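Printed here is my_file24.txt (compact mmCIF, C-alpha atoms):
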# COMPACT_ATOMS: atom_id res chain seq x y z
CA MET I 1 94.42 141.84 -1.85
CA ALA I 2 93.49 144.35 0.85
CA ASN I 3 97.08 143.91 1.96
CA ASN I 4 98.26 144.64 -1.59
CA ILE I 5 96.25 147.86 -1.73
CA GLU I 6 98.42 150.33 0.13
CA VAL I 7 96.43 152.74 2.29
CA LYS I 8 99.23 155.29 1.83
CA GLU I 9 98.67 155.21 -1.95
CA LEU I 10 94.98 155.89 -1.42
CA LEU I 11 95.87 158.70 0.99
CA ASP I 12 98.28 160.30 -1.51
CA ALA I 13 95.58 160.16 -4.21
CA GLY I 14 93.11 162.00 -1.95
CA VAL I 15 90.66 159.09 -1.87
CA HIS I 16 89.82 159.95 1.77
CA PHE I 17 88.32 163.40 1.13
CA GLY I 18 84.52 163.34 1.42
CA HIS I 19 81.99 166.14 1.02
CA LEU I 20 81.05 168.92 3.40
CA THR I 21 79.49 167.55 6.58
CA ARG I 22 76.22 169.38 5.90
CA ARG I 23 75.88 167.51 2.58
CA TRP I 24 76.40 164.01 3.93
CA ASP I 25 74.15 160.97 3.70
CA PRO I 26 73.75 159.36 7.18
CA ASN I 27 73.91 155.91 5.61
CA MET I 28 77.59 156.55 4.85
CA ALA I 29 78.36 156.83 8.58
CA PRO I 30 80.01 153.35 8.83
CA TYR I 31 82.60 154.41 6.23
CA ILE I 32 83.45 157.81 7.73
CA TYR I 33 86.55 158.03 9.93
CA MET I 34 86.22 161.58 11.23
CA GLU I 35 85.29 165.19 10.45
CA ARG I 36 87.97 167.79 9.75
CA ASN I 37 87.39 171.46 8.93
CA GLY I 38 83.78 170.81 8.02
CA ILE I 39 84.66 167.91 5.68
CA HIS I 40 84.09 164.21 6.26
CA ILE I 41 87.15 161.97 6.05
CA ILE I 42 86.61 158.46 4.65
CA ASN I 43 88.09 155.46 6.47
CA LEU I 44 90.71 154.24 3.97
CA TYR I 45 91.15 150.85 5.63
CA LYS I 46 87.51 150.13 4.82
CA THR I 47 88.03 151.54 1.32
CA ALA I 48 90.98 149.17 0.74
CA ALA I 49 88.90 146.19 1.94
CA LYS I 50 85.98 147.17 -0.30
CA ILE I 51 88.25 147.60 -3.32
CA GLU I 52 89.53 144.08 -2.67
CA GLU I 53 85.99 142.69 -2.42
CA SER I 54 84.84 144.49 -5.57
CA CYS I 55 87.91 143.46 -7.58
CA GLU I 56 87.42 139.79 -6.71
CA ALA I 57 83.78 139.91 -7.83
CA LEU I 58 84.60 141.83 -11.04
CA LYS I 59 87.38 139.35 -11.86
CA LYS I 60 84.90 136.47 -11.65
CA ILE I 61 82.39 138.28 -13.87
CA ALA I 62 85.09 139.00 -16.46
CA ALA I 63 86.31 135.38 -16.30
CA SER I 64 82.74 134.21 -17.00
CA GLY I 65 82.76 136.13 -20.29
CA ARG I 66 80.18 138.76 -19.35
CA LYS I 67 80.79 142.44 -19.96
CA ILE I 68 81.06 145.16 -17.29
CA LEU I 69 79.57 148.48 -18.39
CA PHE I 70 81.38 151.54 -17.00
CA VAL I 71 79.37 154.72 -16.46
CA ALA I 72 80.91 158.13 -15.71
CA THR I 73 79.65 161.31 -17.34
CA LYS I 74 81.22 163.89 -15.00
CA LYS I 75 84.01 165.93 -16.56
CA GLN I 76 86.85 164.84 -14.27
CA ALA I 77 86.04 161.14 -14.68
CA LYS I 78 85.25 160.82 -18.40
CA GLU I 79 88.71 160.43 -19.88
CA ILE I 80 90.03 158.27 -17.04
CA VAL I 81 87.10 155.84 -17.19
CA ALA I 82 87.17 155.69 -21.00
CA GLU I 83 90.90 154.89 -20.96
CA LYS I 84 90.71 152.22 -18.22
CA ALA I 85 87.58 150.59 -19.67
CA ALA I 86 89.09 150.46 -23.17
CA LYS I 87 92.29 148.97 -21.72
CA ALA I 88 90.22 146.20 -20.13
CA ASN I 89 88.20 145.81 -23.37
CA GLN I 90 84.91 146.76 -21.66
CA PRO I 91 82.04 149.00 -22.86
CA PHE I 92 81.57 152.44 -21.33
CA ILE I 93 79.26 155.46 -21.30
CA THR I 94 81.00 158.79 -20.75
CA GLU I 95 78.55 161.07 -22.53
CA ARG I 96 74.89 161.52 -21.60
CA TRP I 97 73.26 158.32 -20.33
CA PRO I 98 70.77 157.22 -23.03
CA GLY I 99 67.40 156.74 -21.32
CA GLY I 100 66.38 153.08 -21.60
CA MET I 101 69.96 152.01 -22.22
CA LEU I 102 69.27 148.84 -20.21
CA THR I 103 65.49 148.63 -19.84
CA ASN I 104 64.95 149.24 -23.57
CA PHE I 105 68.12 147.57 -24.83
CA VAL I 106 66.49 146.33 -28.05
CA THR I 107 65.95 149.93 -29.22
CA ILE I 108 69.56 150.83 -28.36
CA ARG I 109 70.76 147.86 -30.42
CA LYS I 110 68.67 149.13 -33.35
CA ALA I 111 70.41 152.49 -33.12
CA ILE I 112 73.79 150.73 -33.14
CA LYS I 113 72.72 148.72 -36.21
CA LYS I 114 71.81 152.02 -37.85
CA MET I 115 75.47 153.03 -37.53
CA ALA I 116 76.52 149.80 -39.24
CA THR I 117 74.01 150.44 -42.04
CA ILE I 118 75.42 153.91 -42.67
CA ASP I 119 78.94 152.47 -42.75
CA ARG I 120 77.85 149.88 -45.32
CA MET I 121 76.27 152.62 -47.44
CA LYS I 122 79.61 154.44 -47.51
CA LYS I 123 81.48 151.27 -48.48
CA ASP I 124 79.18 150.10 -51.28
CA GLY I 125 78.74 153.59 -52.80
CA THR I 126 75.04 153.98 -51.91
CA PHE I 127 75.92 156.99 -49.77
CA MET I 128 77.14 158.96 -52.81
CA THR I 129 73.81 158.48 -54.61
CA LEU I 130 72.13 160.65 -51.95
CA SER I 131 71.73 164.39 -52.39
CA LYS I 132 74.24 166.70 -50.71
CA LYS I 133 71.66 167.66 -48.06
CA GLU I 134 70.80 164.01 -47.32
CA ARG I 135 74.49 163.09 -47.03
CA LEU I 136 74.98 165.92 -44.53
CA GLN I 137 72.00 164.71 -42.46
CA VAL I 138 73.26 161.11 -42.49
CA ASP I 139 76.77 162.23 -41.46
CA ARG I 140 75.35 164.24 -38.57
CA LEU I 141 73.26 161.25 -37.43
CA ARG I 142 76.30 158.96 -37.65
CA ALA I 143 78.43 161.40 -35.61
CA LYS I 144 75.72 161.71 -32.95
CA LEU I 145 75.31 157.95 -32.65
CA GLU I 146 79.08 157.46 -32.50
CA LYS I 147 79.42 160.02 -29.72
CA ASN I 148 76.69 158.50 -27.56
CA LEU I 149 76.88 154.80 -28.42
CA GLY I 150 80.20 154.20 -30.17
CA SER I 151 81.80 152.74 -27.06
CA ILE I 152 79.13 150.02 -26.67
CA VAL I 153 79.08 148.77 -30.28
CA ASP I 154 80.38 145.34 -29.22
CA MET I 155 77.92 144.98 -26.34
CA THR I 156 75.45 142.58 -27.98
CA ARG I 157 73.61 141.70 -24.76
CA LEU I 158 72.91 143.21 -21.35
CA PRO I 159 76.05 143.62 -19.22
CA GLY I 160 76.90 141.32 -16.34
CA ALA I 161 77.45 144.33 -14.08
CA LEU I 162 77.70 148.13 -13.98
CA PHE I 163 80.58 150.11 -12.54
CA ILE I 164 79.53 153.68 -11.73
CA VAL I 165 81.44 156.75 -10.65
CA ASP I 166 79.04 158.99 -8.65
CA ILE I 167 75.70 157.21 -8.19
CA THR I 168 73.94 160.47 -7.36
CA ARG I 169 74.75 161.90 -10.79
CA GLU I 170 74.08 158.59 -12.57
CA HIS I 171 70.82 157.88 -10.72
CA ILE I 172 68.98 156.88 -13.92
CA ALA I 173 71.57 154.19 -14.69
CA VAL I 174 71.28 152.96 -11.09
CA LYS I 175 67.48 152.67 -11.33
CA GLU I 176 67.61 150.80 -14.64
CA ALA I 177 70.18 148.33 -13.30
CA GLN I 178 68.13 147.80 -10.13
CA LYS I 179 65.01 147.11 -12.21
CA LEU I 180 66.83 144.38 -14.14
CA ASN I 181 68.73 143.02 -11.11
CA ILE I 182 72.10 143.83 -12.67
CA PRO I 183 74.81 144.05 -9.96
CA ILE I 184 76.05 147.60 -9.33
CA PHE I 185 79.65 148.39 -8.38
CA ALA I 186 80.37 152.02 -7.57
CA MET I 187 82.63 154.64 -6.11
CA VAL I 188 80.38 156.19 -3.46
CA ASP I 189 81.16 159.53 -1.82
CA THR I 190 79.83 160.73 1.55
CA ASN I 191 76.89 162.55 -0.09
CA SER I 192 75.37 159.38 -1.61
CA ASP I 193 73.25 156.49 -0.32
CA PRO I 194 75.32 153.27 -0.37
CA ARG I 195 72.20 151.13 -0.01
CA GLN I 196 71.56 151.54 -3.75
CA VAL I 197 74.78 149.68 -4.57
CA ASP I 198 75.66 145.97 -4.38
CA TYR I 199 79.42 146.55 -4.12
CA ILE I 200 80.38 149.89 -2.59
CA ILE I 201 83.82 151.48 -2.76
CA PRO I 202 83.70 154.44 -0.33
CA ALA I 203 85.88 157.05 -2.01
CA ASN I 204 86.25 160.61 -3.23
CA ASP I 205 84.43 160.54 -6.59
CA ASP I 206 85.29 164.14 -7.55
CA ALA I 207 89.11 164.23 -7.69
CA SER I 208 90.72 162.82 -10.84
CA LYS I 209 93.62 161.29 -8.86
CA SER I 210 91.21 159.41 -6.63
CA ILE I 211 89.18 158.15 -9.59
CA ASP I 212 92.33 157.10 -11.42
CA LYS I 213 93.68 155.19 -8.41
CA VAL I 214 90.46 153.19 -7.88
CA MET I 215 89.93 152.61 -11.60
CA THR I 216 93.47 151.25 -11.95
CA HIS I 217 92.77 148.52 -9.37
CA VAL I 218 89.40 147.75 -10.96
CA SER I 219 90.67 147.53 -14.56
CA ASP I 220 93.66 145.39 -13.49
CA ALA I 221 91.29 142.93 -11.79
CA ILE I 222 89.13 142.69 -14.93
CA ILE I 223 92.20 142.16 -17.14
CA GLU I 224 93.30 139.41 -14.76
CA GLY I 225 89.88 137.76 -15.05
CA LEU I 226 90.03 137.93 -18.86
CA SER I 227 93.52 136.43 -18.79
CA GLU I 228 92.29 133.52 -16.64
CA ARG I 229 89.42 132.97 -19.08
CA LYS I 230 91.83 132.87 -22.03
CA THR I 231 94.17 130.47 -20.23
CA ALA I 232 91.27 128.17 -19.35
CA LYS I 233 90.06 128.26 -22.97
CA ASP I 234 93.55 127.54 -24.32
CA ASN I 235 93.94 124.61 -21.89
CA LYS I 236 90.55 123.23 -22.91
CA ASP I 237 91.42 123.54 -26.61
CA ALA I 238 94.75 121.80 -25.95
CA GLU I 239 92.96 118.96 -24.12
CA VAL I 240 90.48 118.52 -26.97
CA LYS I 241 93.29 118.51 -29.52
CA ALA I 242 95.28 115.97 -27.47
CA ALA I 243 92.20 113.75 -27.12
CA LYS I 244 91.62 113.82 -30.89
CA GLU I 245 95.25 112.99 -31.58
CA ALA I 246 95.16 110.13 -29.06
CA LYS I 247 91.98 108.77 -30.65
CA ALA I 248 93.53 108.95 -34.13
CA GLU I 249 96.67 107.20 -32.88
CA ALA I 250 94.58 104.48 -31.23
CA SER I 251 92.72 103.89 -34.50
CA LYS I 252 96.03 103.45 -36.33
CA VAL I 253 97.24 100.95 -33.70
CA GLU I 254 94.01 98.93 -33.96
CA ALA I 255 94.21 98.87 -37.77
CA ALA I 256 97.90 97.78 -37.87
CA PRO I 257 97.55 94.16 -36.49
CA ALA I 258 94.68 93.45 -38.85
CA ALA I 259 96.80 94.52 -41.82
CA GLU I 260 99.71 92.32 -40.69
CA ALA I 261 97.51 89.27 -40.06
CA THR I 262 96.26 88.97 -43.65
CA PRO I 263 99.56 87.78 -45.31
CA ALA I 264 100.19 85.29 -42.50
CA THR I 265 96.79 83.66 -43.09
CA GLU I 266 97.47 83.32 -46.82
CA GLU I 267 100.90 81.75 -46.11
CA THR I 268 99.29 79.18 -43.84
CA LYS I 269 96.84 78.23 -46.58
CA ALA I 270 99.70 77.71 -49.05
CA GLU I 271 101.36 75.26 -46.69

Can the structure in the file be given as structure tokens, please?
Amino acid sequence: MANNIEVKELLDAGVHFGHLTRRWDPNMAPYIYMERNGIHIINLYKTAAKIEESCEALKKIAASGRKILFVATKKQAKEIVAEKAAKANQPFITERWPGGMLTNFVTIRKAIKKMATIDRMKKDGTFMTLSKKERLQVDRLRAKLEKNLGSIVDMTRLPGALFIVDITREHIAVKEAQKLNIPIFAMVDTNSDPRQVDYIIPANDDASKSIDKVMTHVSDAIIEGLSERKTAKDNKDAEVKAAKEAKAEASKVEAAPAAEATPATEETKAE
């Protein structure tokens, strides 16, 4: 797919613009093409290859049925990541990263269940039995939980991988994933240490066009993986159904000769 990822498209989206040379991380040297006007320029041929590698791995994870958690809390990335993750039916964090999101997942699940409890209270009328002050407090709690955790309601277990935009900003998420050996995919700019990431995509992680371009490739790969999973499941269901029908048909065939043989035996006796 590196051939399918046009370097010109990446160039037009500004994916090649790194940070100021004085703010660089030396470990990003293999992915830097040159320096221009005090800014590092990222090698887009390597970016295209890394996008290909990451997309293949993400497609396999999606096809296995595991979730990929997207993390991007910076202003220019929030809406883009939320849109692409939702399109691929994956959980995402675009507000403040909840400490212990991964390492203390049980507590996070309790908070999510609290949201469900409040919703049930509103449906069965229990909510209206509370005082006005209590209802206001419960509503505020529900709104806060929705803002921070609403996008991960369906994530019932730890994700199969994390996709992060700006690992320097999301360093807590990186540390938690590393502690639990959860694979990390990330857009890494020239000011970050790529050694913290399992699958690096060297790219400008500040410009919305750059983020959108990379996220489009990533979300498309995940959707493709989900589609393959659905096709495999449908084929398996069809095979099971066909096997059951064949078994039922075989039973009918076996029963038929026995039914026909009975009158013939009686006729023989009469003779």

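With all atoms listed in the file as the basis for measurement, I:Asp139 is the residue among I:Ile39, I:Val165, I:Asp139, I:Leu102 that approaches Phe127 of chain I most closely.
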
Exercise. Compile the contact shell of Lys74 of chain I as a ChimeraX atom specification: residues with an atom at most 10 Å away, counting only C-alpha atoms, same-chain residues fewer than 5 positions apart removed.
Key: /I:79,94-96,165-166,169-170,205-206

Quiz item: Within 6 Å of (75.6, 143.2, -12.6), in the coordinates the file gives, what residues turn up when you count all atoms listed in the file, written out as a list in words?
Solution: Gly160, Ala161, Leu162, Ile182, Pro183 and Ile184 of chain I

Could you take the residues named above and write them with C-alpha atoms, as an mmCIF file, in the frame of the given file?
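Listed below is the output, part-v2.cif:
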data_model
loop_
_atom_site.group_PDB
_atom_site.id
_atom_site.type_symbol
_atom_site.label_atom_id
_atom_site.label_comp_id
_atom_site.auth_asym_id
_atom_site.auth_seq_id
_atom_site.Cartn_x
_atom_site.Cartn_y
_atom_site.Cartn_z
ATOM 1 C CA GLY I 160 76.900 141.320 -16.340
ATOM 2 C CA ALA I 161 77.450 144.330 -14.080
ATOM 3 C CA LEU I 162 77.700 148.130 -13.980
ATOM 4 C CA ILE I 182 72.100 143.830 -12.670
ATOM 5 C CA PRO I 183 74.810 144.050 -9.960
ATOM 6 C CA ILE I 184 76.050 147.600 -9.330
#

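If you look at atom CA of Ile172 of chain I and atom CA of Lys213 of chain I, they are 25.4 Å away from each other.
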
Quiz prompt | Top pick for closest residue to Glu146 of chain I, considering I:Asp124, I:Leu130, I:Tyr199, I:Lys114 and counting all atoms listed in the file | solution = I:Lys114

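The residue that comes closest to Lys8 of chain I, out of I:Thr47, I:Thr21, I:Thr129, I:Thr190 and on the basis of only C-alpha atoms, is I:Thr47.
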
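Across I:Val15, I:Cys55, I:Leu69, I:Arg22, the tightest approach to Ala177 of chain I is made by I:Leu69 when counting all atoms listed in the file.
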
Exercise. In Å, rounded to a single decimal, give me how far atom CA of Asp189 of chain I is from atom CA of Ser210 of chain I.
Key: 11.1 Å

Put a box with edges along x, y and z around all the listed atoms of segment 62-69 of chain I, pad it by 3 Å on each side, then give me its centre and sizes in Å, one decimal, as lines of an AutoDock Vina configuration file.
center_x = 82.9
center_y = 141.3
center_z = -18.3
size_x = 12.7
size_y = 20.3
size_z = 10.0

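Nearest to His16 of chain I of all the residues I:Ala62, I:Ile164, I:Ile112, I:Ala48 is I:Ala48, counting all atoms listed in the file.
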
Exercise. Quick one: everything within 12 Å of Val138 of chain I, counting only C-alpha atoms, minus sequence neighbours fewer than 2 positions away in the same chain. Send it as a VMD selection string.
Key: chain I and resid 114 to 115 117 to 119 121 to 122 126 to 128 130 to 136 140 to 145

Based on the selection just made, write C-alpha atoms of those residues as a PDB file, keeping the file's coordinate frame.
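Done, and the output landed in result03.pdb:
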ATOM      1  CA  LYS I 114      71.810 152.020 -37.850  1.00  0.00           C
ATOM      2  CA  MET I 115      75.470 153.030 -37.530  1.00  0.00           C
ATOM      3  CA  THR I 117      74.010 150.440 -42.040  1.00  0.00           C
ATOM      4  CA  ILE I 118      75.420 153.910 -42.670  1.00  0.00           C
ATOM      5  CA  ASP I 119      78.940 152.470 -42.750  1.00  0.00           C
ATOM      6  CA  MET I 121      76.270 152.620 -47.440  1.00  0.00           C
ATOM      7  CA  LYS I 122      79.610 154.440 -47.510  1.00  0.00           C
ATOM      8  CA  THR I 126      75.040 153.980 -51.910  1.00  0.00           C
ATOM      9  CA  PHE I 127      75.920 156.990 -49.770  1.00  0.00           C
ATOM     10  CA  MET I 128      77.140 158.960 -52.810  1.00  0.00           C
ATOM     11  CA  LEU I 130      72.130 160.650 -51.950  1.00  0.00           C
ATOM     12  CA  SER I 131      71.730 164.390 -52.390  1.00  0.00           C
ATOM     13  CA  LYS I 132      74.240 166.700 -50.710  1.00  0.00           C
ATOM     14  CA  LYS I 133      71.660 167.660 -48.060  1.00  0.00           C
ATOM     15  CA  GLU I 134      70.800 164.010 -47.320  1.00  0.00           C
ATOM     16  CA  ARG I 135      74.490 163.090 -47.030  1.00  0.00           C
ATOM     17  CA  LEU I 136      74.980 165.920 -44.530  1.00  0.00           C
ATOM     18  CA  ARG I 140      75.350 164.240 -38.570  1.00  0.00           C
ATOM     19  CA  LEU I 141      73.260 161.250 -37.430  1.00  0.00           C
ATOM     20  CA  ARG I 142      76.300 158.960 -37.650  1.00  0.00           C
ATOM     21  CA  ALA I 143      78.430 161.400 -35.610  1.00  0.00           C
ATOM     22  CA  LYS I 144      75.720 161.710 -32.950  1.00  0.00           C
ATOM     23  CA  LEU I 145      75.310 157.950 -32.650  1.00  0.00           C
TER      24      LEU I 145
END

Exercise. Identify the residues around (87.2, 166.1, -14.6) within a radius of 10 Å, measuring from only C-alpha atoms in the coordinates stated by the file, and give them as number ranges by chain.
Key: I: 73-80, 206-209, 211

Residues from last step as file, C-alpha atoms, as a compact mmCIF listing (two decimals), in the coordinates of the input:
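This is the output file result.txt:
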# COMPACT_ATOMS: atom_id res chain seq x y z
CA THR I 73 79.65 161.31 -17.34
CA LYS I 74 81.22 163.89 -15.00
CA LYS I 75 84.01 165.93 -16.56
CA GLN I 76 86.85 164.84 -14.27
CA ALA I 77 86.04 161.14 -14.68
CA LYS I 78 85.25 160.82 -18.40
CA GLU I 79 88.71 160.43 -19.88
CA ILE I 80 90.03 158.27 -17.04
CA ASP I 206 85.29 164.14 -7.55
CA ALA I 207 89.11 164.23 -7.69
CA SER I 208 90.72 162.82 -10.84
CA LYS I 209 93.62 161.29 -8.86
CA ILE I 211 89.18 158.15 -9.59

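Interatomic distance, atom CA of Gly18 of chain I against atom CA of Ala88 of chain I: 28.1 Å.
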
Practice problem: For Asp193 of chain I, work out the shell of residues within 12 Å, counting only C-alpha atoms and skipping chain neighbours fewer than 4 positions away, then give it as a ChimeraX atom specification. | Solution: /I:23-31,166-169,171,174,186-189,197-198,200-202

Quiz item: Could you pull the residues within 8 Å of Ala63 of chain I, counting all atoms listed in the file, minus those fewer than 5 positions along the same chain, as a list of chain:residue names?
Solution: I:Ile222, I:Gly225, I:Leu226, I:Ser227, I:Glu228, I:Arg229

Selected segment 147-157 of chain I, written as a short mmCIF file (atom, residue, chain, number, x, y, z; two decimals), in the first residue's frame, all heavy atoms:
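Saved as decode29.cif:
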data_model
loop_
_atom_site.label_atom_id
_atom_site.label_comp_id
_atom_site.auth_asym_id
_atom_site.auth_seq_id
_atom_site.Cartn_x
_atom_site.Cartn_y
_atom_site.Cartn_z
N LYS I 147 -18.96 13.52 29.08
CA LYS I 147 -17.92 14.29 28.40
C LYS I 147 -16.59 13.54 28.38
O LYS I 147 -15.89 13.50 27.36
CB LYS I 147 -17.74 15.65 29.08
CG LYS I 147 -16.72 16.55 28.39
CD LYS I 147 -16.59 17.88 29.12
CE LYS I 147 -15.56 18.78 28.44
NZ LYS I 147 -15.38 20.07 29.15
N ASN I 148 -16.23 12.94 29.51
CA ASN I 148 -14.94 12.28 29.63
C ASN I 148 -14.92 10.82 29.18
O ASN I 148 -13.90 10.33 28.68
CB ASN I 148 -14.44 12.36 31.08
CG ASN I 148 -14.13 13.78 31.51
OD1 ASN I 148 -13.62 14.58 30.73
ND2 ASN I 148 -14.43 14.11 32.75
N LEU I 149 -16.06 10.13 29.37
CA LEU I 149 -16.06 8.69 29.12
C LEU I 149 -17.13 8.21 28.14
O LEU I 149 -17.19 7.02 27.82
CB LEU I 149 -16.24 7.94 30.46
CG LEU I 149 -15.24 8.25 31.57
CD1 LEU I 149 -15.66 7.56 32.85
CD2 LEU I 149 -13.84 7.84 31.18
N GLY I 150 -17.95 9.13 27.66
CA GLY I 150 -19.05 8.75 26.78
C GLY I 150 -18.64 8.00 25.54
O GLY I 150 -19.36 7.13 25.04
N SER I 151 -17.45 8.30 25.03
CA SER I 151 -16.99 7.69 23.78
C SER I 151 -16.41 6.29 23.97
O SER I 151 -16.08 5.61 23.01
CB SER I 151 -15.94 8.58 23.13
OG SER I 151 -14.85 8.77 24.01
N ILE I 152 -16.28 5.84 25.23
CA ILE I 152 -15.73 4.50 25.48
C ILE I 152 -16.74 3.60 26.19
O ILE I 152 -16.37 2.58 26.77
CB ILE I 152 -14.42 4.56 26.30
CG1 ILE I 152 -14.66 5.21 27.66
CG2 ILE I 152 -13.33 5.28 25.55
CD1 ILE I 152 -13.51 5.01 28.64
N VAL I 153 -18.01 3.97 26.12
CA VAL I 153 -19.07 3.20 26.78
C VAL I 153 -19.07 1.73 26.34
O VAL I 153 -19.28 0.83 27.15
CB VAL I 153 -20.46 3.83 26.49
CG1 VAL I 153 -21.58 2.90 26.93
CG2 VAL I 153 -20.59 5.16 27.21
N ASP I 154 -18.84 1.49 25.06
CA ASP I 154 -18.88 0.12 24.53
C ASP I 154 -17.57 -0.64 24.67
O ASP I 154 -17.47 -1.79 24.24
CB ASP I 154 -19.29 0.16 23.05
CG ASP I 154 -20.68 0.74 22.85
OD1 ASP I 154 -21.53 0.53 23.73
OD2 ASP I 154 -20.91 1.40 21.83
N MET I 155 -16.56 -0.02 25.28
CA MET I 155 -15.27 -0.69 25.45
C MET I 155 -15.30 -1.48 26.76
O MET I 155 -14.98 -0.97 27.83
CB MET I 155 -14.13 0.34 25.46
CG MET I 155 -12.77 -0.29 25.24
SD MET I 155 -11.45 0.95 25.05
CE MET I 155 -11.15 1.39 26.77
N THR I 156 -15.72 -2.73 26.68
CA THR I 156 -15.92 -3.56 27.87
C THR I 156 -14.64 -4.24 28.36
O THR I 156 -14.63 -4.83 29.44
CB THR I 156 -16.98 -4.65 27.60
OG1 THR I 156 -16.59 -5.38 26.44
CG2 THR I 156 -18.34 -4.00 27.34
N ARG I 157 -13.59 -4.17 27.56
CA ARG I 157 -12.30 -4.74 28.00
C ARG I 157 -11.17 -3.86 27.48
O ARG I 157 -11.40 -2.96 26.67
CB ARG I 157 -12.14 -6.18 27.49
CG ARG I 157 -12.24 -6.32 25.98
CD ARG I 157 -11.96 -7.74 25.54
NE ARG I 157 -12.10 -7.90 24.10
CZ ARG I 157 -11.64 -8.92 23.42
NH1 ARG I 157 -10.99 -9.88 24.04
NH2 ARG I 157 -11.81 -8.99 22.10
#
